[in-house]
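Heads up, final.cif below (mmCIF, C-alpha atoms and all ligand atoms):
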data_model
loop_
_atom_site.label_atom_id
_atom_site.label_comp_id
_atom_site.auth_asym_id
_atom_site.auth_seq_id
_atom_site.Cartn_x
_atom_site.Cartn_y
_atom_site.Cartn_z
CA MET W 605 190.33 225.15 153.57
CA GLY W 606 189.63 227.97 151.10
CA ALA W 607 187.70 231.21 151.51
CA ARG W 608 185.34 231.17 154.49
CA THR W 609 183.63 234.50 154.14
CA ASP W 610 180.38 234.18 152.18
CA PRO W 611 177.61 235.50 154.46
CA ARG W 612 175.05 233.25 152.76
CA PHE W 613 176.72 230.29 154.44
CA ALA W 614 177.53 231.85 157.82
CA GLU W 615 175.60 229.26 159.83
CA SER W 616 177.03 226.36 157.77
CA ILE W 617 180.52 227.66 158.42
CA ARG W 618 179.87 228.22 162.13
CA HIS W 619 178.50 224.71 162.50
CA PHE W 620 181.30 223.21 160.42
CA ASN W 621 183.88 224.66 162.78
CA HIS W 622 182.02 223.07 165.70
CA ALA W 623 181.45 219.69 164.00
CA ALA W 624 184.94 219.32 162.54
CA ALA W 625 186.42 219.13 166.04
CA LEU W 626 184.01 216.30 166.90
CA ILE W 627 183.54 214.38 163.65
CA PRO W 628 186.36 213.55 161.19
CA THR W 629 185.45 215.28 157.87
CA ALA W 630 182.46 216.75 159.79
CA CYS W 631 180.28 214.36 157.84
CA GLN W 632 179.38 210.66 157.58
CA THR W 633 179.69 210.31 153.80
CA PHE W 634 182.61 211.42 151.63
CA SER W 635 180.28 212.46 148.81
CA LYS W 636 178.37 214.81 151.12
CA SER W 637 181.52 216.41 152.56
CA ARG W 638 183.81 219.27 151.60
CA ILE W 639 185.67 216.87 149.31
CA GLN W 640 182.72 217.28 146.95
CA TYR W 641 181.29 220.67 148.00
CA PRO W 642 183.85 223.50 147.98
CA ALA W 643 184.21 225.17 151.36
CA GLY W 644 182.73 228.62 151.79
CA VAL W 645 180.86 228.79 148.47
CA THR W 646 178.43 225.90 148.98
CA PRO W 647 176.44 224.85 152.05
CA ASP W 648 177.81 222.21 154.46
CA PHE W 649 174.58 221.31 156.26
CA LEU W 650 170.94 220.90 155.30
CA SER W 651 168.05 221.34 157.70
CA HIS W 652 165.07 219.83 155.85
CA GLY W 653 163.59 218.75 152.54
CA GLN W 654 160.19 218.54 150.88
CA GLY W 655 159.45 216.90 147.54
CA GLY W 656 162.35 217.84 145.25
CA ARG W 657 163.63 220.74 147.38
CA VAL W 658 165.94 221.21 150.35
CA TRP W 659 166.82 224.05 152.70
CA ASP W 660 170.25 224.61 154.25
CA VAL W 661 170.89 225.69 157.83
CA ASP W 662 171.15 229.33 156.67
CA GLY W 663 167.64 229.14 155.21
CA ASN W 664 168.78 229.06 151.55
CA GLU W 665 166.43 227.02 149.35
CA TYR W 666 167.53 224.70 146.55
CA VAL W 667 166.08 222.42 143.93
CA ASP W 668 167.91 219.26 145.01
CA MET W 669 169.60 217.40 142.16
CA VAL W 670 171.40 215.09 144.61
CA MET W 671 168.39 213.70 146.52
CA GLY W 672 170.40 212.09 149.30
CA LEU W 673 172.71 210.44 146.74
CA LEU W 674 169.75 208.92 144.84
CA ALA W 675 168.07 207.53 147.96
CA ASN W 676 164.95 209.71 147.80
CA VAL W 677 163.59 208.40 144.52
CA LEU W 678 160.02 209.52 145.28
CA GLY W 679 161.08 212.79 146.94
CA TYR W 680 161.47 213.99 150.50
CA CYS W 681 158.55 213.36 152.86
CA ASP W 682 156.54 211.33 150.38
CA PRO W 683 153.10 211.21 152.04
CA GLY W 684 152.52 207.47 151.49
CA VAL W 685 155.96 206.50 152.77
CA ASN W 686 155.73 208.88 155.72
CA ALA W 687 152.32 207.43 156.65
CA ALA W 688 153.70 203.88 156.54
CA ILE W 689 156.67 204.85 158.74
CA SER W 690 154.45 206.76 161.19
CA GLU W 691 152.05 203.86 161.49
CA GLN W 692 154.89 201.41 162.14
CA LEU W 693 156.45 203.82 164.64
CA THR W 694 153.40 203.50 166.88
CA ARG W 695 154.04 199.73 167.09
CA GLY W 696 157.81 199.58 167.47
CA THR W 697 161.00 199.72 165.47
CA SER W 698 163.41 196.87 166.24
CA PHE W 699 161.99 193.74 167.79
CA SER W 700 163.22 190.67 169.67
CA LEU W 701 162.13 188.25 166.94
CA ALA W 702 161.57 188.60 163.20
CA THR W 703 158.42 190.36 161.97
CA THR W 704 156.01 189.38 159.20
CA LEU W 705 156.98 192.57 157.36
CA GLU W 706 160.21 190.87 156.26
CA ALA W 707 158.43 188.27 154.15
CA GLU W 708 155.92 190.87 152.92
CA VAL W 709 158.72 192.94 151.42
CA ALA W 710 160.70 189.87 150.27
CA GLU W 711 157.60 188.60 148.45
CA ARG W 712 157.25 191.90 146.60
CA ILE W 713 160.93 191.83 145.58
CA VAL W 714 160.58 188.27 144.30
CA GLU W 715 157.58 189.41 142.26
CA ILE W 716 159.31 192.38 140.63
CA ILE W 717 163.04 191.52 140.29
CA PRO W 718 163.77 188.87 137.61
CA CYS W 719 166.68 187.10 139.39
CA ALA W 720 165.05 187.18 142.83
CA GLU W 721 163.89 183.82 144.21
CA MET W 722 164.88 184.62 147.81
CA VAL W 723 165.89 187.81 149.63
CA ARG W 724 167.91 188.97 152.67
CA PHE W 725 168.01 192.52 154.00
CA GLY W 726 170.83 194.79 155.13
CA LYS W 727 171.18 198.47 155.87
CA ASN W 728 173.66 199.81 153.28
CA GLY W 729 174.48 198.85 149.71
CA THR W 730 177.85 197.77 151.09
CA ASP W 731 176.13 195.10 153.22
CA GLY W 732 174.57 193.66 150.09
CA THR W 733 177.67 193.72 147.88
CA SER W 734 179.83 192.20 150.64
CA ALA W 735 177.26 189.48 151.29
CA ALA W 736 177.14 188.76 147.55
CA VAL W 737 180.89 188.27 147.47
CA ARG W 738 180.82 186.00 150.53
CA ILE W 739 177.96 183.92 149.11
CA SER W 740 179.83 183.60 145.81
CA ARG W 741 182.98 182.40 147.54
CA ALA W 742 181.00 180.01 149.73
CA ALA W 743 179.09 178.52 146.81
CA THR W 744 182.03 178.17 144.42
CA GLY W 745 184.88 177.47 146.86
CA ARG W 746 186.87 180.05 144.87
CA ASN W 747 188.55 183.24 146.04
CA HIS W 748 189.06 185.96 143.43
CA VAL W 749 186.59 188.71 142.56
CA LEU W 750 186.36 190.92 139.47
CA ALA W 751 184.75 194.29 140.18
CA LEU W 752 183.44 196.86 137.71
CA GLY W 753 182.08 200.07 139.23
CA TYR W 754 181.64 201.27 142.80
CA HIS W 755 180.56 198.79 145.46
CA GLY W 756 180.97 200.46 148.87
CA TRP W 757 183.48 200.72 151.66
CA GLN W 758 184.40 197.15 152.65
CA ASP W 759 187.93 195.68 152.44
CA TRP W 760 187.22 193.32 149.56
CA TYR W 761 186.36 196.32 147.32
CA VAL W 762 188.27 199.42 148.49
CA GLY W 763 191.42 197.29 148.66
CA ALA W 764 191.35 197.39 144.84
CA THR W 765 191.15 201.22 144.73
CA VAL W 766 193.66 203.96 145.55
CA ARG W 767 191.96 204.41 148.94
CA SER W 768 193.25 201.07 150.18
CA LYS W 769 194.98 202.31 153.34
CA GLY W 770 194.19 199.89 156.18
CA VAL W 771 193.40 196.91 153.94
CA PRO W 772 195.90 194.02 154.22
CA PRO W 773 197.81 193.13 151.02
CA ALA W 774 196.49 189.55 151.18
CA VAL W 775 192.93 190.88 150.90
CA ARG W 776 193.85 193.41 148.24
CA ALA W 777 195.32 190.67 146.05
CA LEU W 778 191.96 188.92 145.78
CA THR W 779 189.98 191.66 144.00
CA GLN W 780 190.81 193.09 140.61
CA LYS W 781 189.07 195.95 138.86
CA VAL W 782 188.52 195.40 135.16
CA PRO W 783 187.32 197.85 132.51
CA TYR W 784 183.66 197.89 131.55
CA ASN W 785 182.67 196.65 128.09
CA ASP W 786 185.81 194.49 127.80
CA LEU W 787 184.96 190.79 127.74
CA ALA W 788 188.54 189.89 126.82
CA ALA W 789 189.77 191.43 130.11
CA ILE W 790 187.44 189.11 132.03
CA GLU W 791 188.68 186.06 130.17
CA GLN W 792 192.32 187.08 130.68
CA ALA W 793 191.80 187.54 134.42
CA TYR W 794 190.10 184.14 134.64
CA VAL W 795 193.11 182.51 133.02
CA ALA W 796 195.52 184.50 135.21
CA PHE W 797 193.64 183.31 138.33
CA ASP W 798 193.83 179.75 137.03
CA GLY W 799 190.04 179.56 137.16
CA ASP W 800 189.94 180.64 140.83
CA LEU W 801 187.22 183.25 140.17
CA ALA W 802 184.25 183.35 142.56
CA CYS W 803 182.25 186.20 141.05
CA ILE W 804 182.03 189.12 138.68
CA ILE W 805 180.26 192.02 140.36
CA LEU W 806 179.25 195.02 138.31
CA GLU W 807 176.91 197.91 138.01
CA PRO W 808 175.05 196.72 134.90
CA MET W 809 175.30 200.29 133.68
CA SER W 810 176.54 203.57 135.14
CA ALA W 811 177.56 206.42 132.83
CA VAL W 812 178.61 204.21 129.91
CA GLU W 813 176.14 202.21 127.80
CA PRO W 814 176.77 198.47 127.62
CA ALA W 815 178.14 197.58 124.19
CA PRO W 816 175.80 195.33 122.19
CA GLY W 817 176.17 191.79 123.52
CA TYR W 818 178.35 192.77 126.48
CA LEU W 819 175.96 191.91 129.33
CA GLU W 820 174.84 188.79 127.45
CA GLY W 821 178.52 187.87 126.98
CA LEU W 822 179.13 188.21 130.71
CA ARG W 823 176.11 186.02 131.38
CA ASP W 824 177.42 183.33 129.01
CA PHE W 825 180.95 183.51 130.41
CA ALA W 826 179.67 183.17 133.99
CA THR W 827 177.46 180.20 133.12
CA LYS W 828 180.22 178.49 131.14
CA THR W 829 182.86 178.89 133.88
CA GLY W 830 180.65 178.42 136.96
CA THR W 831 181.39 182.00 138.06
CA ILE W 832 178.63 183.87 139.92
CA LEU W 833 177.32 186.94 138.10
CA VAL W 834 176.28 189.71 140.51
CA PHE W 835 174.52 192.86 139.36
CA ASP W 836 175.02 195.69 141.82
CA GLU W 837 171.71 197.49 141.31
CA THR W 838 172.11 199.77 144.31
CA ILE W 839 171.41 202.69 141.98
CA THR W 840 169.76 201.18 138.89
CA GLY W 841 167.18 199.22 140.92
CA PHE W 842 163.97 201.22 141.41
CA ARG W 843 165.19 203.63 138.73
CA PHE W 844 165.82 202.07 135.27
CA SER W 845 162.79 199.83 135.59
CA LEU W 846 160.74 198.34 138.43
CA GLY W 847 162.71 195.14 137.81
CA GLY W 848 165.97 197.09 137.68
CA ALA W 849 168.58 197.20 134.91
CA GLN W 850 168.34 193.41 134.65
CA GLU W 851 164.75 193.78 133.47
CA TYR W 852 165.59 196.81 131.31
CA PHE W 853 168.46 195.04 129.50
CA GLY W 854 166.90 191.57 129.62
CA VAL W 855 169.92 189.87 131.22
CA THR W 856 169.38 187.99 134.47
CA PRO W 857 172.25 187.73 136.97
CA ASP W 858 172.65 185.02 139.63
CA LEU W 859 172.48 187.54 142.47
CA CYS W 860 171.67 191.23 142.71
CA VAL W 861 172.00 193.97 145.28
CA LEU W 862 169.37 196.67 145.88
CA GLY W 863 169.66 199.75 148.08
CA LYS W 864 169.34 203.54 147.84
CA GLY W 865 165.80 204.24 146.58
CA MET W 866 164.19 201.01 147.76
CA ALA W 867 162.98 202.61 151.00
CA ASN W 868 162.99 206.25 149.80
CA GLY W 869 165.72 207.45 152.13
CA MET W 870 165.26 204.95 154.95
CA PRO W 871 168.33 202.75 155.54
CA LEU W 872 167.63 199.49 153.76
CA SER W 873 169.40 197.28 151.24
CA ALA W 874 168.76 193.79 149.95
CA ILE W 875 170.54 190.92 148.32
CA ALA W 876 168.36 188.71 146.15
CA GLY W 877 168.90 185.88 143.72
CA ARG W 878 168.85 182.19 142.91
CA SER W 879 167.53 180.17 145.83
CA ASP W 880 170.35 177.58 145.73
CA LEU W 881 172.85 180.41 146.22
CA MET W 882 170.70 182.24 148.76
CA GLN W 883 170.55 179.03 150.82
CA GLU W 884 174.22 179.70 151.61
CA PHE W 885 172.91 182.26 154.11
CA ASN W 886 172.17 179.25 156.33
CA GLU W 887 175.90 178.53 156.49
CA ILE W 888 177.81 181.79 156.12
CA PHE W 889 177.68 184.56 158.70
CA PHE W 890 175.53 187.54 157.71
CA SER W 891 173.60 188.75 160.72
CA GLY W 892 172.99 192.10 162.40
CA THR W 893 170.85 193.67 165.09
CA PHE W 894 169.10 195.99 162.66
CA GLY W 895 168.70 193.71 159.60
CA GLY W 896 164.93 193.45 160.15
CA GLU W 897 164.38 197.00 161.42
CA ALA W 898 160.72 197.66 160.81
CA LEU W 899 160.48 201.36 159.87
CA SER W 900 162.66 200.84 156.79
CA LEU W 901 160.78 197.71 155.79
CA ALA W 902 157.45 199.50 156.18
CA ALA W 903 158.87 202.26 153.98
CA ALA W 904 160.06 199.75 151.35
CA LYS W 905 156.64 198.14 151.23
CA ALA W 906 155.05 201.55 150.62
CA VAL W 907 157.71 202.41 147.99
CA ILE W 908 157.14 199.21 146.01
CA ASP W 909 153.38 199.66 146.19
CA THR W 910 153.72 203.24 144.97
CA PHE W 911 155.91 202.15 142.04
CA ARG W 912 153.28 199.57 141.12
CA ARG W 913 150.33 201.93 141.49
CA GLU W 914 151.77 205.10 139.93
CA PRO W 915 153.81 205.78 136.75
CA VAL W 916 157.02 206.45 138.72
CA ILE W 917 159.42 204.82 136.26
CA GLU W 918 157.83 206.53 133.25
CA ALA W 919 158.04 209.87 135.04
CA LEU W 920 161.75 209.41 135.87
CA TRP W 921 162.48 208.70 132.19
CA ARG W 922 160.32 211.60 130.99
CA LYS W 923 161.84 214.12 133.41
CA GLY W 924 165.32 212.88 132.54
CA ALA W 925 164.62 213.19 128.81
CA PHE W 926 163.54 216.82 129.34
CA LEU W 927 166.79 217.62 131.20
CA LYS W 928 168.91 215.72 128.71
CA ARG W 929 167.43 217.55 125.73
CA GLU W 930 167.50 221.04 127.21
CA ILE W 931 170.94 220.73 128.83
CA GLY W 932 172.33 219.13 125.67
CA ASN W 933 171.06 222.14 123.66
CA ILE W 934 172.65 224.57 126.11
CA ILE W 935 176.00 222.80 125.86
CA ASP W 936 175.83 222.80 122.05
CA GLU W 937 174.66 226.41 121.73
CA ASN W 938 177.59 227.52 123.86
CA GLY W 939 180.09 225.32 122.00
CA MET W 940 181.07 223.70 125.32
CA ALA W 941 180.92 220.00 124.38
CA GLU W 942 184.63 219.58 125.13
CA GLY W 943 184.05 220.77 128.69
CA ILE W 944 180.75 219.07 129.56
CA THR W 945 178.83 216.15 128.14
CA LEU W 946 175.86 214.33 129.63
CA ALA W 947 176.26 210.57 129.86
CA GLY W 948 174.04 207.89 131.39
CA LYS W 949 170.40 206.96 131.02
CA GLU W 950 167.60 209.47 131.54
CA PRO W 951 166.76 208.46 135.14
CA TRP W 952 170.43 208.88 136.14
CA LEU W 953 172.27 211.41 133.95
CA VAL W 954 175.97 211.95 134.65
CA PRO W 955 177.82 215.13 133.58
CA VAL W 956 181.30 214.24 132.37
CA TYR W 957 183.81 217.08 132.55
CA GLY W 958 186.74 217.60 130.20
CA ALA W 959 189.55 220.07 129.61
CA VAL W 960 188.28 223.04 127.60
CA GLY W 961 190.06 226.23 126.57
CA CYS W 962 192.49 227.10 129.37
CA SER W 963 190.60 225.09 132.04
CA SER W 964 190.98 221.62 133.52
CA PRO W 965 188.10 219.19 134.14
CA GLU W 966 188.38 219.90 137.90
CA GLU W 967 188.05 223.66 137.29
CA VAL W 968 185.01 223.11 135.07
CA LYS W 969 183.31 220.82 137.61
CA THR W 970 184.01 223.12 140.54
CA PHE W 971 182.75 226.11 138.54
CA MET W 972 179.52 224.29 137.71
CA VAL W 973 178.83 223.09 141.26
CA LYS W 974 179.54 226.54 142.71
CA ASN W 975 177.46 228.40 140.11
CA MET W 976 174.51 226.00 140.26
CA VAL W 977 174.42 226.46 144.05
CA GLU W 978 174.53 230.22 143.55
CA SER W 979 171.41 229.89 141.36
CA GLY W 980 169.60 227.73 143.92
CA VAL W 981 170.36 224.22 142.65
CA LEU W 982 172.13 221.69 144.86
CA PHE W 983 174.27 219.94 142.31
CA GLY W 984 176.61 216.96 142.69
CA SER W 985 178.18 214.30 140.52
CA SER W 986 175.01 213.26 138.70
CA LEU W 987 171.51 214.56 137.99
CA ASN W 988 169.43 212.59 140.45
CA ILE W 989 165.87 213.04 139.35
CA CYS W 990 163.06 212.11 141.71
CA TYR W 991 159.37 211.50 141.11
CA ALA W 992 158.43 214.68 142.99
CA HIS W 993 160.51 217.07 140.87
CA THR W 994 158.04 219.35 139.12
CA ASP W 995 158.47 220.64 135.57
CA GLY W 996 158.96 224.10 137.11
CA GLU W 997 161.79 222.81 139.29
CA LEU W 998 163.44 221.13 136.33
CA GLN W 999 163.09 224.38 134.33
CA HIS W 1000 164.84 226.13 137.22
CA VAL W 1001 167.72 223.62 136.90
CA ILE W 1002 167.87 224.22 133.13
CA ASP W 1003 167.88 228.03 133.55
CA ALA W 1004 170.63 227.77 136.18
CA PHE W 1005 172.62 225.52 133.86
CA ALA W 1006 172.22 227.97 130.96
CA LYS W 1007 173.44 230.86 133.11
CA ALA W 1008 176.42 228.89 134.42
CA VAL W 1009 177.51 227.57 131.02
CA SER W 1010 177.30 230.94 129.28
CA THR W 1011 179.60 232.43 131.96
CA LEU W 1012 181.85 229.38 131.85
CA ARG W 1013 182.25 229.81 128.09
CA ASP W 1014 183.93 233.19 128.70
CA GLU W 1015 185.85 232.06 131.79
CA VAL W 1016 187.66 229.22 130.05
CA GLN W 1017 189.08 231.64 127.47
CA ARG W 1018 191.79 232.80 129.90
CA PRO W 1019 194.00 230.92 132.33
CA GLY W 1020 193.57 231.06 136.11
CA LEU W 1021 189.95 229.92 136.60
CA ALA W 1022 191.02 228.03 139.74
CA THR W 1023 192.17 231.30 141.32
CA ARG W 1024 189.08 233.23 140.25
CA LEU W 1025 186.80 230.55 141.73
CA ASN W 1026 187.97 231.61 145.20
CA CYS W 1027 187.57 228.09 146.59
CA GLU W 1028 189.40 224.79 146.54
CA LEU W 1029 188.87 222.55 143.53
CA ILE W 1030 186.68 219.47 143.96
CA GLN W 1031 188.82 216.33 144.02
CA PRO W 1032 187.53 212.81 143.37
CA VAL W 1033 187.31 210.51 146.44
CA PHE W 1034 188.86 208.03 144.03
CA SER W 1035 188.03 207.15 140.49
CA VAL W 1036 185.00 205.03 141.32
CA ARG W 1037 183.75 204.19 137.86
C1 LIG G 1101 176.51 200.98 142.79
C2 LIG G 1101 176.73 201.14 144.26
N1 LIG G 1101 177.01 200.04 145.00
C3 LIG G 1101 177.20 200.11 146.33
C4 LIG G 1101 177.14 201.31 146.99
C5 LIG G 1101 177.36 201.37 148.45
O1 LIG G 1101 176.16 201.65 149.07
P1 LIG G 1101 176.16 202.27 150.55
O2 LIG G 1101 176.81 203.61 150.45
O3 LIG G 1101 174.71 202.33 150.90
O4 LIG G 1101 176.92 201.32 151.41
C6 LIG G 1101 176.84 202.49 146.26
C7 LIG G 1101 176.78 203.79 146.94
O5 LIG G 1101 176.89 204.83 146.36
C8 LIG G 1101 176.64 202.40 144.86
O6 LIG G 1101 176.38 203.47 144.13
#

Step by step, read the file and then write its structure as structure tokens.
Amino acid sequence: MGARTDPRFAESIRHFNHAAALIPTACQTFSKSRIQYPAGVTPDFLSHGQGGRVWDVDGNEYVDMVMGLLANVLGYCDPGVNAAISEQLTRGTSFSLATTLEAEVAERIVEIIPCAEMVRFGKNGTDGTSAAVRISRAATGRNHVLALGYHGWQDWYVGATVRSKGVPPAVRALTQKVPYNDLAAIEQAYVAFDGDLACIILEPMSAVEPAPGYLEGLRDFATKTGTILVFDETITGFRFSLGGAQEYFGVTPDLCVLGKGMANGMPLSAIAGRSDLMQEFNEIFFSGTFGGEALSLAAAKAVIDTFRREPVIEALWRKGAFLKREIGNIIDENGMAEGITLAGKEPWLVPVYGAVGCSSPEEVKTFMVKNMVESGVLFGSSLNICYAHTDGELQHVIDAFAKAVSTLRDEVQRPGLATRLNCELIQPVFSVR
């Protein structure tokens, strides 16, 4: 698995060798594993975080641009969230009946999210997207699903990707991925399914901007055909706007899914939407031991109150604009626009890698991740800004980026970057978006 010699990561490597015999991939999440972080030249394990920083098990310190895959939207150990969790901890975690916290958080979601009339909770984004698909099928009596984006690990979705091993063909046949910004593709699929289309589920926006009229067109098509429109706001919720991308773009879906940042790193997701659809929860089966787990709900309540009290959304946009401008200048000054561009909205910027000079996109990405880590920035597939990132920390990211890109500019002039990197190249889990 590549070079394993860098003394900076000695403890990571030692622990990896122990964990890999006990845990397949030595990790619980593909995007946190060696598939995304090259062995031997990046850390495998973190020990703790504070604000916008993390420390690995070797004691190396980083400005974290991953933030638990966008979960820690306020930052690690946010004092208000930690206080709410600690207070709840003294009273219990998972109870024998429901708690009043559930309606307290649901009420807040109904107040802030445009489509939300009723709410149910889950633990992962996948719980929410899978519930949305089941509700859509239950309400429409139809079977097929059109998916645009990434929606988690369940059969109904991964069956439509290249990582479909273990999903029966009959299930795979029911979900089709369609390109974003292509209304004609939706209409064609609807005709091909003979109208048997339960829902369209999409990330309202990821790296690519919606074309003018696209989201509105989806809304009209769904209304006209009786198809359920589901916005997967696992990332865009609590990031683009307090009311999510649906508020930002002014298009209201029938159902939406929230997750990631809603409890600042605590495991919580939600499905929310039209009450007639949500009433299907009385009939379908969506039920789990930990659905009303109180620490995460206490955290979510504190998160929503913080977003309402403090200029969190404005800060995410402002910090993102700073990164976008400075990193964009660095790319231009180095003439590296073929190799790296920044896509996405300011609160969730996504570097897109291309072939440049003698180097492939995979070589460019691996080079960047490795070199950013070397300069003390934990760097993944997107720039995941949090409220706690200070201007100084963002300047550190910009300086690290400038250093990496100016070296990259010379490196791509000659073939063989993959060999000189002295690590394996980062491979996509699958093309998720
Ligand atoms: C848009 C989107 N939907 C769903 C999911 C799945 O969420 P989880 O990993 O919490 O199951 C993710 C996770 O990255 C996501 O980004």

Check every protein, DNA and RNA residue against ligand LIG 1101 (chain G), keep those with an atom at most 8 Å away (counting only C-alpha atoms and all ligand atoms), and present them as a PDB file with C-alpha atoms, in the frame of the given file.
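The result, written out as pocket_8.pdb:
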ATOM      1  CA  LEU W 673     172.710 210.440 146.740  1.00  0.00           C
ATOM      2  CA  LYS W 727     171.180 198.470 155.870  1.00  0.00           C
ATOM      3  CA  ASN W 728     173.660 199.810 153.280  1.00  0.00           C
ATOM      4  CA  GLY W 729     174.480 198.850 149.710  1.00  0.00           C
ATOM      5  CA  THR W 730     177.850 197.770 151.090  1.00  0.00           C
ATOM      6  CA  ASP W 731     176.130 195.100 153.220  1.00  0.00           C
ATOM      7  CA  GLY W 732     174.570 193.660 150.090  1.00  0.00           C
ATOM      8  CA  THR W 733     177.670 193.720 147.880  1.00  0.00           C
ATOM      9  CA  GLY W 753     182.080 200.070 139.230  1.00  0.00           C
ATOM     10  CA  TYR W 754     181.640 201.270 142.800  1.00  0.00           C
ATOM     11  CA  HIS W 755     180.560 198.790 145.460  1.00  0.00           C
ATOM     12  CA  GLY W 756     180.970 200.460 148.870  1.00  0.00           C
ATOM     13  CA  TRP W 757     183.480 200.720 151.660  1.00  0.00           C
ATOM     14  CA  LEU W 806     179.250 195.020 138.310  1.00  0.00           C
ATOM     15  CA  GLU W 807     176.910 197.910 138.010  1.00  0.00           C
ATOM     16  CA  ASP W 836     175.020 195.690 141.820  1.00  0.00           C
ATOM     17  CA  GLU W 837     171.710 197.490 141.310  1.00  0.00           C
ATOM     18  CA  THR W 838     172.110 199.770 144.310  1.00  0.00           C
ATOM     19  CA  ILE W 839     171.410 202.690 141.980  1.00  0.00           C
ATOM     20  CA  THR W 840     169.760 201.180 138.890  1.00  0.00           C
ATOM     21  CA  VAL W 861     172.000 193.970 145.280  1.00  0.00           C
ATOM     22  CA  GLY W 863     169.660 199.750 148.080  1.00  0.00           C
ATOM     23  CA  LYS W 864     169.340 203.540 147.840  1.00  0.00           C
ATOM     24  CA  PRO W 871     168.330 202.750 155.540  1.00  0.00           C
ATOM     25  CA  SER W 873     169.400 197.280 151.240  1.00  0.00           C
TER      26      SER W 873
END

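The smallest atom-to-atom distance between Val775 (chain W) and any of W:Ile1002, W:Cys990, W:Val749, W:Ile832, using all atoms listed in the file, is found for W:Val749.
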
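Interatomic distance, CA of Ser986 (chain W) against CA of Met669 (chain W): 7.6 Å.
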
Please return as a PDB file with C-alpha atoms, keeping the file's coordinate frame every residue within 9 Å of (181.2, 194.4, 138.0), taking into account all atoms listed in the file and the file's own coordinates.
ATOM      1  CA  LEU W 750     186.360 190.920 139.470  1.00  0.00           C
ATOM      2  CA  ALA W 751     184.750 194.290 140.180  1.00  0.00           C
ATOM      3  CA  LEU W 752     183.440 196.860 137.710  1.00  0.00           C
ATOM      4  CA  GLY W 753     182.080 200.070 139.230  1.00  0.00           C
ATOM      5  CA  TYR W 754     181.640 201.270 142.800  1.00  0.00           C
ATOM      6  CA  HIS W 755     180.560 198.790 145.460  1.00  0.00           C
ATOM      7  CA  LYS W 781     189.070 195.950 138.860  1.00  0.00           C
ATOM      8  CA  VAL W 782     188.520 195.400 135.160  1.00  0.00           C
ATOM      9  CA  PRO W 783     187.320 197.850 132.510  1.00  0.00           C
ATOM     10  CA  TYR W 784     183.660 197.890 131.550  1.00  0.00           C
ATOM     11  CA  CYS W 803     182.250 186.200 141.050  1.00  0.00           C
ATOM     12  CA  ILE W 804     182.030 189.120 138.680  1.00  0.00           C
ATOM     13  CA  ILE W 805     180.260 192.020 140.360  1.00  0.00           C
ATOM     14  CA  LEU W 806     179.250 195.020 138.310  1.00  0.00           C
ATOM     15  CA  GLU W 807     176.910 197.910 138.010  1.00  0.00           C
ATOM     16  CA  PRO W 808     175.050 196.720 134.900  1.00  0.00           C
ATOM     17  CA  LEU W 833     177.320 186.940 138.100  1.00  0.00           C
ATOM     18  CA  VAL W 834     176.280 189.710 140.510  1.00  0.00           C
ATOM     19  CA  PHE W 835     174.520 192.860 139.360  1.00  0.00           C
ATOM     20  CA  ASP W 836     175.020 195.690 141.820  1.00  0.00           C
TER      21      ASP W 836
END

Skip Phe971 (chain W) itself and residues of its chain fewer than 5 positions away, then list as a ChimeraX atom specification all residues within 12 Å of it, counting all atoms listed in the file. /W:641-642,645-646,943-944,957,963-966,976-978,983-984,1005,1007-1013,1015-1016,1021-1030

Could you check how far CA of Thr697 (chain W) sits from CA of Leu626 (chain W), in Å to one decimal? 28.4 Å

At what distance in Å, to one decimal, does CA of Asp682 (chain W) lie from CA of Gly653 (chain W)? 10.5 Å

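With only C-alpha atoms as the atoms that count, the residue of W:Glu897, W:Asp759, W:Asp798, W:Asp662 with the shortest distance to Ile689 (chain W) is W:Glu897.
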
If you count only C-alpha atoms, the residue of W:Arg878, W:Leu674, W:Leu787, W:Val771 closest to Ala743 (chain W) turns out to be W:Arg878

Would you please work out which residue, of W:Arg922, W:Arg1018, W:Lys769, W:Lys949, is nearest to Glu813 (chain W) when using all atoms listed in the file? W:Lys949

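Each of W:Gly655, W:Gly663, W:Gly817, W:Gly848 was compared to Pro718 (chain W) using all atoms listed in the file, and W:Gly848 turns out to be the nearest.
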
Counting all atoms listed in the file, what is within 9 Å of His993 (chain W), bar same-chain residues fewer than 6 positions away, as a PyMOL selection string? chain W and resi 655-657+667-668+678-679+923

Go ahead and dump the residues you just picked, C-alpha atoms, as a PDB file, in the frame of the given file.
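Here's the written file selection-v1.pdb:
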ATOM      1  CA  GLY W 655     159.450 216.900 147.540  1.00  0.00           C
ATOM      2  CA  GLY W 656     162.350 217.840 145.250  1.00  0.00           C
ATOM      3  CA  ARG W 657     163.630 220.740 147.380  1.00  0.00           C
ATOM      4  CA  VAL W 667     166.080 222.420 143.930  1.00  0.00           C
ATOM      5  CA  ASP W 668     167.910 219.260 145.010  1.00  0.00           C
ATOM      6  CA  LEU W 678     160.020 209.520 145.280  1.00  0.00           C
ATOM      7  CA  GLY W 679     161.080 212.790 146.940  1.00  0.00           C
ATOM      8  CA  LYS W 923     161.840 214.120 133.410  1.00  0.00           C
TER       9      LYS W 923
END

Within 12 Å of Glu791 (chain W), counting all atoms listed in the file, which residues qualify if same-chain residues fewer than 3 places away don't, as JSON, numbers by chain? {"W": [750, 782, 786, 787, 788, 794, 795, 796, 797, 798, 799, 801, 804, 821, 822, 824, 825, 826, 828, 829, 831]}
